Amino acid sequence: MTATQKRCVQVLNETLHELFASRDDVYLFGEDILDPYGGAFKVTHGLSDAYPERVVTTPISEASLFGVAAGMALRGQRPILEIMFGDFIALGFDQVVNGISKFREMYDDQVTVPLVVRTPMGGRRGYGPTHSQSLEKLLLGIPNICVVAASECHDLRGLLTSAVEDERPVFFIENKLMYGRVNRRPEDGQVGQLSVRESGGPYPALTFSGTDFTDASATIATYGGMVPVVIDAVTELILEHEIFCEVVALSQLLPVELDAVLESVARSGALVTAEEGTLTGGFGAEIAARVQEAAWGDLRAPVRRVAARDGIIPSARPLEDAMLPTAHDVVEAIAALEGVRQ
Amino acid sequence: MLEIVLTREDANTEFALLAEWLVEDRAEVTPGQPVCVVETTKATVEIESPGAGTLVQLYAEDVEVELGKTIAYVAETAEDLASVDVAEKEKPAPKPALEERQATRKATELAELHGVDLGEIDKRGFITEKDVEELIARRKASESPEQGPVLAGVSTDGVSLPASFDVDASVGALEPAFLESLRADPDSFRALASDEKIRTLREHGAHIGEGVELGEGTLVAAPRVVIEDGVRIGPRGTVVCEEVVAIGELTQFGHDLELRCRRAFLGVGIWAGRSIRFGGGGHRDPWATLAVGDLAFVGDEAFVNVCRPVLIGREVFLTMRSMIVTHNIGHSVLAGFENRFAPVVLEDRSQVGLGAVLYAGCRIGAGAIVASSSYVVGDIPAGSFAIGVPAKVTGSSSHKLSDTRRLELARRMIDDLHELLALRGHEVSAISEGDPRGFEVEGTHVSFTPAFRGTAAAPAVVLTLETLDDAPDGVAVLDLDARRVHGSGGAVLESVREFCRKRGIRFEPGPWRYPGGLL
């Protein structure tokens with residue numbers, strides 16, 4: 001790890017400090033976020049000491065937390081909520097579905113609700129059924145919100161800053177395993193041996209290629225905590241089998257923005273989606289539907305989805321591992337695609 | 001001495017990952033200075049030094065440590081430092097992460113096979129098999145600067161090219177005017193008798209040896225024609241090359257041969273059946289080179305497409321109806337269809353079964369066997385047995401026999417030959433047991449002895465596995481291992497040679513077949 005490489009938790013923490021320093025309309029609400037504890041995953045470390053008036057620890061009531069933040073946002077503030085585990089967003093859903101996402105359109109653009117909900121998703125830590133889920137797909141069906149998923153390869157500073165500056169309500173999805181990992185930003189256009197292209201906009205997509213974008217057997221569309229899993233799978237496919245796939249790591253999940261995926265599919269002719277959430281009605285289903293509609297002529301094989309099994313996530317690590325999608329699952333999905341040589 | 005202990009913060013965590021040391025081992029630290037990063041199930045935390053002194057690490061980075069363990073000491077004095085037992089340190093050998101590897105497995109294996117240093121490949125991103133192949137090709141090209149279109153960069157490793165491949169460019173050049181008349185009116189030439197064809201060709205510059213036979217209706221036309229002694233080309237043959245045709249002695253083709261390419265270099269003692277076709281699409285291409293090694297066998301109706309070099313090694317079997325293609329035909333490359341032009345190489349003693357197809361670019365390793373009706377799309381390693389569509393290696397083409405077993409097989413050959421001659425109606429004596437073991441036929445003694453030491457009563461034909469002495473007059477010694485014939489003999493020798501040939505043992509010098517014998 002060189003001096004320029006920081007762990008994701010540190011980058012997020014520094015970005016929050018910068019945002020608090022540069023704007024006085026930013027507030028932070030959440031459970032157990034006060035120093036010295038500094039939040040369950042330490043992302044908010046040092047903020048309550050530095051900005052005691054703007055960092056508020058709350059009771060265990062996500063519904064009221066969302067409600068208070070919505071009110072503040074309506075009045076022109078920029079509240080950031082930390083929901084300790086992504087699983088707990090369900091407790092605030094009424095506020096989101098019937099209020100936060102609707103106000104702007106209901107009041108004909110006279111108001112906006114510029115709040116940011118930061119929350120970690122993902123398992124692989126043995127936290128069991130209610131602290132390990134990836135529930136992004138529940139958010140994808142809510143019009144007028146923005147869902148942003150951070151990964152260890154994305155510009156976390158840029159993403160979080162864009163989220164705070166966004167006039168829309170933004171769900172900023174973090175990942176529990178990502179926090180402790182190095183923020184692997186492309187250096188000289190590469191991450192490891194893979195070439196990387198970054199799209200524009202506030203929430204860019206990263207496209208990885210092992211052939212410098214000359215050709216590929218398939219495209220794998222993914223996000224968040226699955227990004228390193230998919231990169232491992234793609235690297236294994238290259239090193240062990242000389243099968244080259246491109247990876248599109250999206251950060252903007254909603255509104256759905258598929259230019260990077262379509263561009264890659266035009267080169268590769270096949271698509272696999274990979275998500276850590278359960279299979280049915282998920283991210284992959286939405287992407288598959290849209291890509292077959294937009295790029296039917298480019299596809300030589302049906303889109304395949306890699307996801308968690310439709311069930312609960314057990315606490316026991318071996319059972320959890322069997323439940324969640326792995327690099328091996330991605331390799332198998334690629335190998336099963338028509339036209340991928342063995 | 002101060003200790004840094006990983007404390008347990010909650011009930012359901014037993015291990016933590018020592019993610020990173022922020023301070024070097026044996027560095028001086030100050031109180032409160034962060035010394036390492038530890039990842040627990042819930043958070044990533046920095047651990048601070050409890051005091052001032054020298055840090056002594058007890059674990060390596062990226063190691064799971066049980067909570068409650070001491071991970072480092074801070075030695076406040078020199079005595080403390082001296083007392084630390086360094087052996088406690090658990091430093092596993094760092095395993096290279098997948099993503100740090102640059103070369104694929106195929107590339108690494110190929111590089112090892114050819115002794116190539118992957119460091120010579122200067123490339124961003126992954127190093128693939130193709131990169132290594134290109135490096136090998138570049139290296140070969142620089143080693144043999146004259147490598148033009150004749151071999152088009154094909155490696156001749158494992159291929160014994162026929163002597164005709166190096167035939168002197170001044171030999172056998174036809175007068176241009178004669179060649180032109182030959183091309184303009186081939187039928188007049190075809191109509192000539194064999195000896196007239198040979199005389200005419202010789203008169204106009206061709207090199208034609210003795211005992212050559214050019215069958216009825218056969219045409220030979222090329223700027224350079226070199227045909228050695230005893231070559232026979234059957235009726236209705238067409239041998240038309242753009243640059244040169246050179247054929248070694250005793251090579252023979254059955255009727256309806258078609259040999260069209262830019263250069264054909266054929267070896268000594270090749271036996272080829274009827275209706276064989278060399279050429280097809282692209283036979284006039286600059287790279288259309290055909291080389292067939294000595295003693296090769298080409299079965300009836302074999303088809304060898306030659307638009308890129310086709311190298312067939314020594315003693316290769318290309319059996320009936322087998323096919324070699326050096327290019328495909330298809331749809332537009334712009335629509336993503338494959339368009340392939342590539343050489344095919346059959347290394348020495350490889351065998352291609354009935355009706356098998358070898359696709360452009362494949363290489364059959366020395367001694368390998370491709371089973372009948374297989375379809376080969378890649379390389380088959382030397383000594384292996386491949387079968388299927390597409391052909392896959394399923395085992396070895398041969399296996400090593402014990403000395404006892406070899407002796408047993410050699411002795412049985414005498415028994416089998418004895419039985420065959422008797423069934424054919426020849427008068428044969430009973431087999432004399434012992435060493436040598438043998439019998440009399442037509443007044444000649446035929447026997448096997450494990451090692452020939454120069455003693456045998458003429459006339460005799462002696463099979464042996466080791467030749468330790470010269471053959472006396474009237475005695476022919478056939479060394480089954482070295483596949484050499486020492487001395488000479490008549491019809492009985494021919495018969496024994498033919499018998500051995502059918503067991504895959506061909507002797508030199510000599511042709512492929514011995515039709516004149518007792519069998």
# chains A, B, ... in the order shown; residues from 1 in each chain; ligands from 1
call {"tool": "closest_atom_pairs", "arguments": {"of": "chain B", "to": "chain A", "cutoff": "9 Å", "atoms": "only C-alpha atoms", "output": "tab-separated table"}}
result
residue	atom	partner	partner_atom	distance
B:Ala19	CA	A:Gly180	CA	8.2
B:Glu20	CA	A:Met1	CA	8.8
B:Val38	CA	A:Gly180	CA	8.8
B:Glu39	CA	A:Gly180	CA	6.5
B:Thr41	CA	A:Arg125	CA	6.2
B:Lys42	CA	A:Phe41	CA	5.9
B:Ala43	CA	A:Phe41	CA	4.5
B:Thr44	CA	A:Gly180	CA	5.6
B:Val45	CA	A:Lys42	CA	7.8
B:Leu98	CA	A:Thr235	CA	7.1
B:Glu99	CA	A:Gly192	CA	6.0
B:Glu100	CA	A:Gly192	CA	6.6
B:Arg101	CA	A:Leu239	CA	7.9
B:Gln102	CA	A:Gln193	CA	6.6
B:Ala103	CA	A:Leu239	CA	6.6
B:Thr104	CA	A:Leu239	CA	3.8
B:Arg105	CA	A:Glu240	CA	5.2
B:Lys106	CA	A:Glu240	CA	7.3
B:Ala107	CA	A:Leu239	CA	8.8
B:Arg124	CA	A:Gln193	CA	7.1
B:Gly125	CA	A:Gln193	CA	4.3
B:Phe126	CA	A:Gln193	CA	5.9
B:Ile127	CA	A:Leu239	CA	8.9
B:Thr128	CA	A:Glu242	CA	7.0
B:Glu129	CA	A:Glu242	CA	8.2
call {"tool": "write_last_selection", "arguments": {"atoms": "N, CA and C atoms", "output": "mmCIF file, in the first residue's frame"}}
result
data_model
loop_
_atom_site.group_PDB
_atom_site.id
_atom_site.type_symbol
_atom_site.label_atom_id
_atom_site.label_comp_id
_atom_site.auth_asym_id
_atom_site.auth_seq_id
_atom_site.Cartn_x
_atom_site.Cartn_y
_atom_site.Cartn_z
ATOM 1 N N ALA B 19 -4.548 -6.022 9.407
ATOM 2 C CA ALA B 19 -4.565 -5.605 8.000
ATOM 3 C C ALA B 19 -3.240 -4.973 7.573
ATOM 4 N N GLU B 20 -2.667 -4.176 8.425
ATOM 5 C CA GLU B 20 -1.500 -3.427 7.964
ATOM 6 C C GLU B 20 -0.682 -2.899 9.134
ATOM 7 N N VAL B 38 -6.306 -2.759 12.247
ATOM 8 C CA VAL B 38 -6.910 -4.057 12.509
ATOM 9 C C VAL B 38 -8.356 -4.026 12.038
ATOM 10 N N GLU B 39 -8.747 -5.063 11.308
ATOM 11 C CA GLU B 39 -10.119 -5.160 10.827
ATOM 12 C C GLU B 39 -10.854 -6.181 11.655
ATOM 13 N N THR B 41 -14.889 -7.679 12.643
ATOM 14 C CA THR B 41 -16.064 -7.907 11.808
ATOM 15 C C THR B 41 -16.855 -6.633 11.577
ATOM 16 N N LYS B 42 -16.744 -5.723 12.478
ATOM 17 C CA LYS B 42 -17.589 -4.537 12.343
ATOM 18 C C LYS B 42 -16.842 -3.311 11.831
ATOM 19 N N ALA B 43 -15.588 -3.192 12.150
ATOM 20 C CA ALA B 43 -14.926 -1.937 11.830
ATOM 21 C C ALA B 43 -13.441 -2.131 11.588
ATOM 22 N N THR B 44 -12.859 -1.110 10.997
ATOM 23 C CA THR B 44 -11.424 -1.074 10.804
ATOM 24 C C THR B 44 -10.870 -0.044 11.780
ATOM 25 N N VAL B 45 -9.964 -0.465 12.644
ATOM 26 C CA VAL B 45 -9.473 0.481 13.649
ATOM 27 C C VAL B 45 -7.953 0.544 13.651
ATOM 28 N N LEU B 98 -3.739 -13.085 -7.002
ATOM 29 C CA LEU B 98 -4.140 -13.391 -8.367
ATOM 30 C C LEU B 98 -3.927 -12.179 -9.264
ATOM 31 N N GLU B 99 -4.313 -11.035 -8.746
ATOM 32 C CA GLU B 99 -4.275 -9.853 -9.593
ATOM 33 C C GLU B 99 -2.858 -9.348 -9.846
ATOM 34 N N GLU B 100 -1.900 -9.861 -9.071
ATOM 35 C CA GLU B 100 -0.528 -9.420 -9.307
ATOM 36 C C GLU B 100 0.145 -10.238 -10.396
ATOM 37 N N ARG B 101 -0.476 -11.373 -10.739
ATOM 38 C CA ARG B 101 0.112 -12.178 -11.815
ATOM 39 C C ARG B 101 -0.188 -11.508 -13.147
ATOM 40 N N GLN B 102 0.795 -11.522 -14.019
ATOM 41 C CA GLN B 102 0.591 -10.863 -15.298
ATOM 42 C C GLN B 102 0.435 -11.862 -16.433
ATOM 43 N N ALA B 103 1.105 -13.005 -16.317
ATOM 44 C CA ALA B 103 1.086 -13.976 -17.411
ATOM 45 C C ALA B 103 0.034 -15.043 -17.153
ATOM 46 N N THR B 104 -0.704 -15.416 -18.198
ATOM 47 C CA THR B 104 -1.707 -16.467 -18.056
ATOM 48 C C THR B 104 -1.005 -17.808 -17.892
ATOM 49 N N ARG B 105 -1.791 -18.791 -17.463
ATOM 50 C CA ARG B 105 -1.224 -20.117 -17.266
ATOM 51 C C ARG B 105 -0.685 -20.670 -18.586
ATOM 52 N N LYS B 106 -1.458 -20.487 -19.665
ATOM 53 C CA LYS B 106 -1.013 -20.969 -20.972
ATOM 54 C C LYS B 106 0.298 -20.305 -21.377
ATOM 55 N N ALA B 107 0.385 -18.997 -21.121
ATOM 56 C CA ALA B 107 1.605 -18.263 -21.490
ATOM 57 C C ALA B 107 2.789 -18.773 -20.686
ATOM 58 N N ARG B 124 1.769 -3.733 -21.481
ATOM 59 C CA ARG B 124 0.801 -3.351 -20.460
ATOM 60 C C ARG B 124 -0.238 -4.450 -20.381
ATOM 61 N N GLY B 125 -0.754 -4.720 -19.242
ATOM 62 C CA GLY B 125 -1.819 -5.704 -19.128
ATOM 63 C C GLY B 125 -1.291 -7.123 -19.141
ATOM 64 N N PHE B 126 -2.189 -8.049 -19.482
ATOM 65 C CA PHE B 126 -1.867 -9.469 -19.360
ATOM 66 C C PHE B 126 -0.955 -9.963 -20.476
ATOM 67 N N ILE B 127 -0.121 -10.929 -20.145
ATOM 68 C CA ILE B 127 0.701 -11.611 -21.139
ATOM 69 C C ILE B 127 0.006 -12.929 -21.462
ATOM 70 N N THR B 128 -0.357 -13.100 -22.738
ATOM 71 C CA THR B 128 -1.113 -14.281 -23.141
ATOM 72 C C THR B 128 -0.225 -15.222 -23.945
ATOM 73 N N GLU B 129 -0.797 -16.387 -24.230
ATOM 74 C CA GLU B 129 -0.119 -17.382 -25.046
ATOM 75 C C GLU B 129 0.323 -16.768 -26.376
#
call {"tool": "select_by_dssp", "arguments": {"residues": "segment 88-309 of chain A", "states": "helix (DSSP H, G or I)", "output": "ChimeraX atom specification"}}
result
/A:88-100,103-106,136-140,156-165,176-179,226-241,259-268,283-294,296-298
call {"tool": "atom_distance", "arguments": {"atom1": "atom CA of Trp271 of chain B", "atom2": "atom CA of Leu295 of chain B"}}
result
6.9 Å
call {"tool": "residues_around", "arguments": {"residues": "Gly490 of chain B", "least_positions_apart": "5", "cutoff": "12 Å", "atoms": "only C-alpha atoms", "output": "PyMOL selection string"}}
result
chain B and resi 442-444+458-461+474-476+495-497+514+516-518
call {"tool": "select_by_dssp", "arguments": {"residues": "segment 3-158 of chain B", "states": "strand (DSSP E)", "output": "ChimeraX atom specification"}}
result
/B:3-5,15-21,28-29,34-39,44-48,53-57,63-66,70-75
call {"tool": "residues_around", "arguments": {"residues": "Leu250 of chain B", "least_positions_apart": "2", "cutoff": "7 Å", "atoms": "only C-alpha atoms", "output": "ChimeraX atom specification"}}
result
/B:229-231,248,252,268-269,511
call {"tool": "closest_residue", "arguments": {"among": "B:Leu401, B:Val325, B:Ile380, B:Val239", "to": "Val357 of chain B", "atoms": "only C-alpha atoms"}}
result
B:Val325
call {"tool": "residues_around", "arguments": {"residues": "Arg483 of chain B", "least_positions_apart": "6", "cutoff": "7 Å", "atoms": "only C-alpha atoms", "output": "list in words"}}
result
Ile505, Arg506, Phe507 and Glu508 of chain B
call {"tool": "residues_around", "arguments": {"residues": "Met84 of chain A", "least_positions_apart": "2", "cutoff": "7 Å", "atoms": "only C-alpha atoms", "output": "MDAnalysis selection string"}}
result
chainID A and resid 31 40 82 86 119
call {"tool": "write_last_selection", "arguments": {"atoms": "N, CA and C atoms", "output": "PDB file, in the first residue's frame"}}
result
ATOM      1  N   GLU A  31     -27.355   6.476  14.412  1.00  0.00           N
ATOM      2  CA  GLU A  31     -27.268   5.798  15.706  1.00  0.00           C
ATOM      3  C   GLU A  31     -25.808   5.530  16.048  1.00  0.00           C
ATOM      4  N   ALA A  40     -20.728   2.643  13.913  1.00  0.00           N
ATOM      5  CA  ALA A  40     -20.434   1.209  13.948  1.00  0.00           C
ATOM      6  C   ALA A  40     -19.257   0.852  13.058  1.00  0.00           C
ATOM      7  N   GLU A  82     -27.046   8.296   8.585  1.00  0.00           N
ATOM      8  CA  GLU A  82     -26.324   7.026   8.555  1.00  0.00           C
ATOM      9  C   GLU A  82     -27.252   5.956   9.099  1.00  0.00           C
ATOM     10  N   GLY A  86     -27.798  -1.704   6.251  1.00  0.00           N
ATOM     11  CA  GLY A  86     -28.717  -1.503   5.129  1.00  0.00           C
ATOM     12  C   GLY A  86     -30.056  -2.152   5.361  1.00  0.00           C
ATOM     13  N   THR A 119     -25.664   4.010   3.835  1.00  0.00           N
ATOM     14  CA  THR A 119     -25.889   2.760   4.567  1.00  0.00           C
ATOM     15  C   THR A 119     -25.068   1.631   3.963  1.00  0.00           C
TER      16      THR A 119
END
call {"tool": "atom_distance", "arguments": {"atom1": "atom CA of Leu160 of chain A", "atom2": "atom CA of Tyr27 of chain A"}}
result
14.0 Å
call {"tool": "residues_around", "arguments": {"residues": "Ile369 of chain B", "least_positions_apart": "5", "cutoff": "7 Å", "atoms": "only C-alpha atoms", "output": "short mmCIF file (atom, residue, chain, number, x, y, z; two decimals) with C-alpha atoms, in the first residue's frame"}}
result
data_model
loop_
_atom_site.label_atom_id
_atom_site.label_comp_id
_atom_site.auth_asym_id
_atom_site.auth_seq_id
_atom_site.Cartn_x
_atom_site.Cartn_y
_atom_site.Cartn_z
CA SER B 350 3.29 -39.16 -36.33
CA GLN B 351 0.25 -41.03 -37.63
CA VAL B 352 -3.07 -39.80 -38.92
CA SER B 384 0.23 -38.66 -27.36
CA PHE B 385 -2.88 -40.36 -28.66
CA ALA B 386 -5.74 -38.09 -29.68
CA SER B 397 0.69 -43.38 -28.50
#
call {"tool": "decode", "arguments": {"residues": "segment 57-140 of chain A", "atoms": "C-alpha atoms", "output": "mmCIF file, in the first residue's frame"}}
result
data_model
loop_
_atom_site.group_PDB
_atom_site.id
_atom_site.type_symbol
_atom_site.label_atom_id
_atom_site.label_comp_id
_atom_site.auth_asym_id
_atom_site.auth_seq_id
_atom_site.Cartn_x
_atom_site.Cartn_y
_atom_site.Cartn_z
ATOM 1 C CA THR A 57 -27.052 10.803 17.562
ATOM 2 C CA THR A 58 -30.576 9.457 17.446
ATOM 3 C CA PRO A 59 -32.720 6.899 19.201
ATOM 4 C CA ILE A 60 -33.273 3.543 17.509
ATOM 5 C CA SER A 61 -36.135 4.709 15.308
ATOM 6 C CA GLU A 62 -35.327 4.833 11.634
ATOM 7 C CA ALA A 63 -38.838 6.008 10.720
ATOM 8 C CA SER A 64 -38.463 9.190 12.756
ATOM 9 C CA LEU A 65 -34.893 9.601 11.558
ATOM 10 C CA PHE A 66 -36.057 9.643 7.924
ATOM 11 C CA GLY A 67 -38.934 11.960 8.836
ATOM 12 C CA VAL A 68 -36.759 14.531 10.582
ATOM 13 C CA ALA A 69 -34.248 14.489 7.748
ATOM 14 C CA ALA A 70 -37.018 14.922 5.178
ATOM 15 C CA GLY A 71 -38.292 17.975 6.996
ATOM 16 C CA MET A 72 -34.831 19.503 7.186
ATOM 17 C CA ALA A 73 -34.210 18.846 3.506
ATOM 18 C CA LEU A 74 -37.528 20.469 2.596
ATOM 19 C CA ARG A 75 -36.342 23.515 4.513
ATOM 20 C CA GLY A 76 -33.106 23.780 2.519
ATOM 21 C CA GLN A 77 -30.635 21.831 4.651
ATOM 22 C CA ARG A 78 -28.484 18.933 3.452
ATOM 23 C CA PRO A 79 -28.959 16.155 6.013
ATOM 24 C CA ILE A 80 -26.946 12.979 5.787
ATOM 25 C CA LEU A 81 -28.411 9.924 7.493
ATOM 26 C CA GLU A 82 -26.324 7.026 8.555
ATOM 27 C CA ILE A 83 -28.443 3.874 8.699
ATOM 28 C CA MET A 84 -26.200 1.508 10.629
ATOM 29 C CA PHE A 85 -27.078 -1.572 8.543
ATOM 30 C CA GLY A 86 -28.717 -1.503 5.129
ATOM 31 C CA ASP A 87 -31.304 -3.972 6.397
ATOM 32 C CA PHE A 88 -32.778 -1.205 8.585
ATOM 33 C CA ILE A 89 -33.908 0.998 5.680
ATOM 34 C CA ALA A 90 -37.114 -1.024 5.706
ATOM 35 C CA LEU A 91 -38.034 0.722 8.970
ATOM 36 C CA GLY A 92 -38.030 4.077 7.210
ATOM 37 C CA PHE A 93 -39.725 2.969 4.018
ATOM 38 C CA ASP A 94 -43.057 4.734 4.518
ATOM 39 C CA GLN A 95 -41.236 8.064 4.743
ATOM 40 C CA VAL A 96 -39.363 7.254 1.553
ATOM 41 C CA VAL A 97 -42.152 5.752 -0.523
ATOM 42 C CA ASN A 98 -44.972 8.119 0.487
ATOM 43 C CA GLY A 99 -43.034 11.273 1.272
ATOM 44 C CA ILE A 100 -39.409 11.838 0.394
ATOM 45 C CA SER A 101 -39.651 10.464 -3.145
ATOM 46 C CA LYS A 102 -42.950 12.190 -3.902
ATOM 47 C CA PHE A 103 -42.746 15.730 -2.527
ATOM 48 C CA ARG A 104 -40.928 17.316 -5.426
ATOM 49 C CA GLU A 105 -43.331 16.070 -8.085
ATOM 50 C CA MET A 106 -46.429 16.484 -5.911
ATOM 51 C CA TYR A 107 -45.535 20.108 -5.223
ATOM 52 C CA ASP A 108 -44.639 20.790 -8.840
ATOM 53 C CA ASP A 109 -40.928 21.376 -8.311
ATOM 54 C CA GLN A 110 -41.488 24.077 -5.690
ATOM 55 C CA VAL A 111 -39.526 21.967 -3.207
ATOM 56 C CA THR A 112 -36.691 19.485 -3.362
ATOM 57 C CA VAL A 113 -35.630 16.871 -0.791
ATOM 58 C CA PRO A 114 -31.829 16.831 -1.050
ATOM 59 C CA LEU A 115 -31.023 14.289 1.622
ATOM 60 C CA VAL A 116 -28.424 11.536 1.525
ATOM 61 C CA VAL A 117 -28.982 8.143 3.160
ATOM 62 C CA ARG A 118 -25.653 6.426 3.718
ATOM 63 C CA THR A 119 -25.889 2.760 4.567
ATOM 64 C CA PRO A 120 -23.763 -0.372 4.257
ATOM 65 C CA MET A 121 -25.128 -3.451 2.511
ATOM 66 C CA GLY A 122 -23.643 -6.889 2.080
ATOM 67 C CA GLY A 123 -22.819 -10.058 3.932
ATOM 68 C CA ARG A 124 -19.795 -12.351 4.186
ATOM 69 C CA ARG A 125 -19.211 -11.358 7.791
ATOM 70 C CA GLY A 126 -21.424 -13.848 9.555
ATOM 71 C CA TYR A 127 -23.936 -11.260 10.766
ATOM 72 C CA GLY A 128 -26.937 -13.406 9.989
ATOM 73 C CA PRO A 129 -30.310 -12.908 8.285
ATOM 74 C CA THR A 130 -31.081 -9.307 9.294
ATOM 75 C CA HIS A 131 -27.666 -7.634 9.141
ATOM 76 C CA SER A 132 -26.227 -9.070 5.917
ATOM 77 C CA GLN A 133 -28.657 -8.334 3.121
ATOM 78 C CA SER A 134 -28.230 -6.372 -0.064
ATOM 79 C CA LEU A 135 -31.567 -4.647 -0.476
ATOM 80 C CA GLU A 136 -30.784 -2.224 -3.307
ATOM 81 C CA LYS A 137 -33.467 -3.882 -5.395
ATOM 82 C CA LEU A 138 -36.189 -2.633 -3.036
ATOM 83 C CA LEU A 139 -35.050 0.902 -3.816
ATOM 84 C CA LEU A 140 -34.890 0.404 -7.593
#
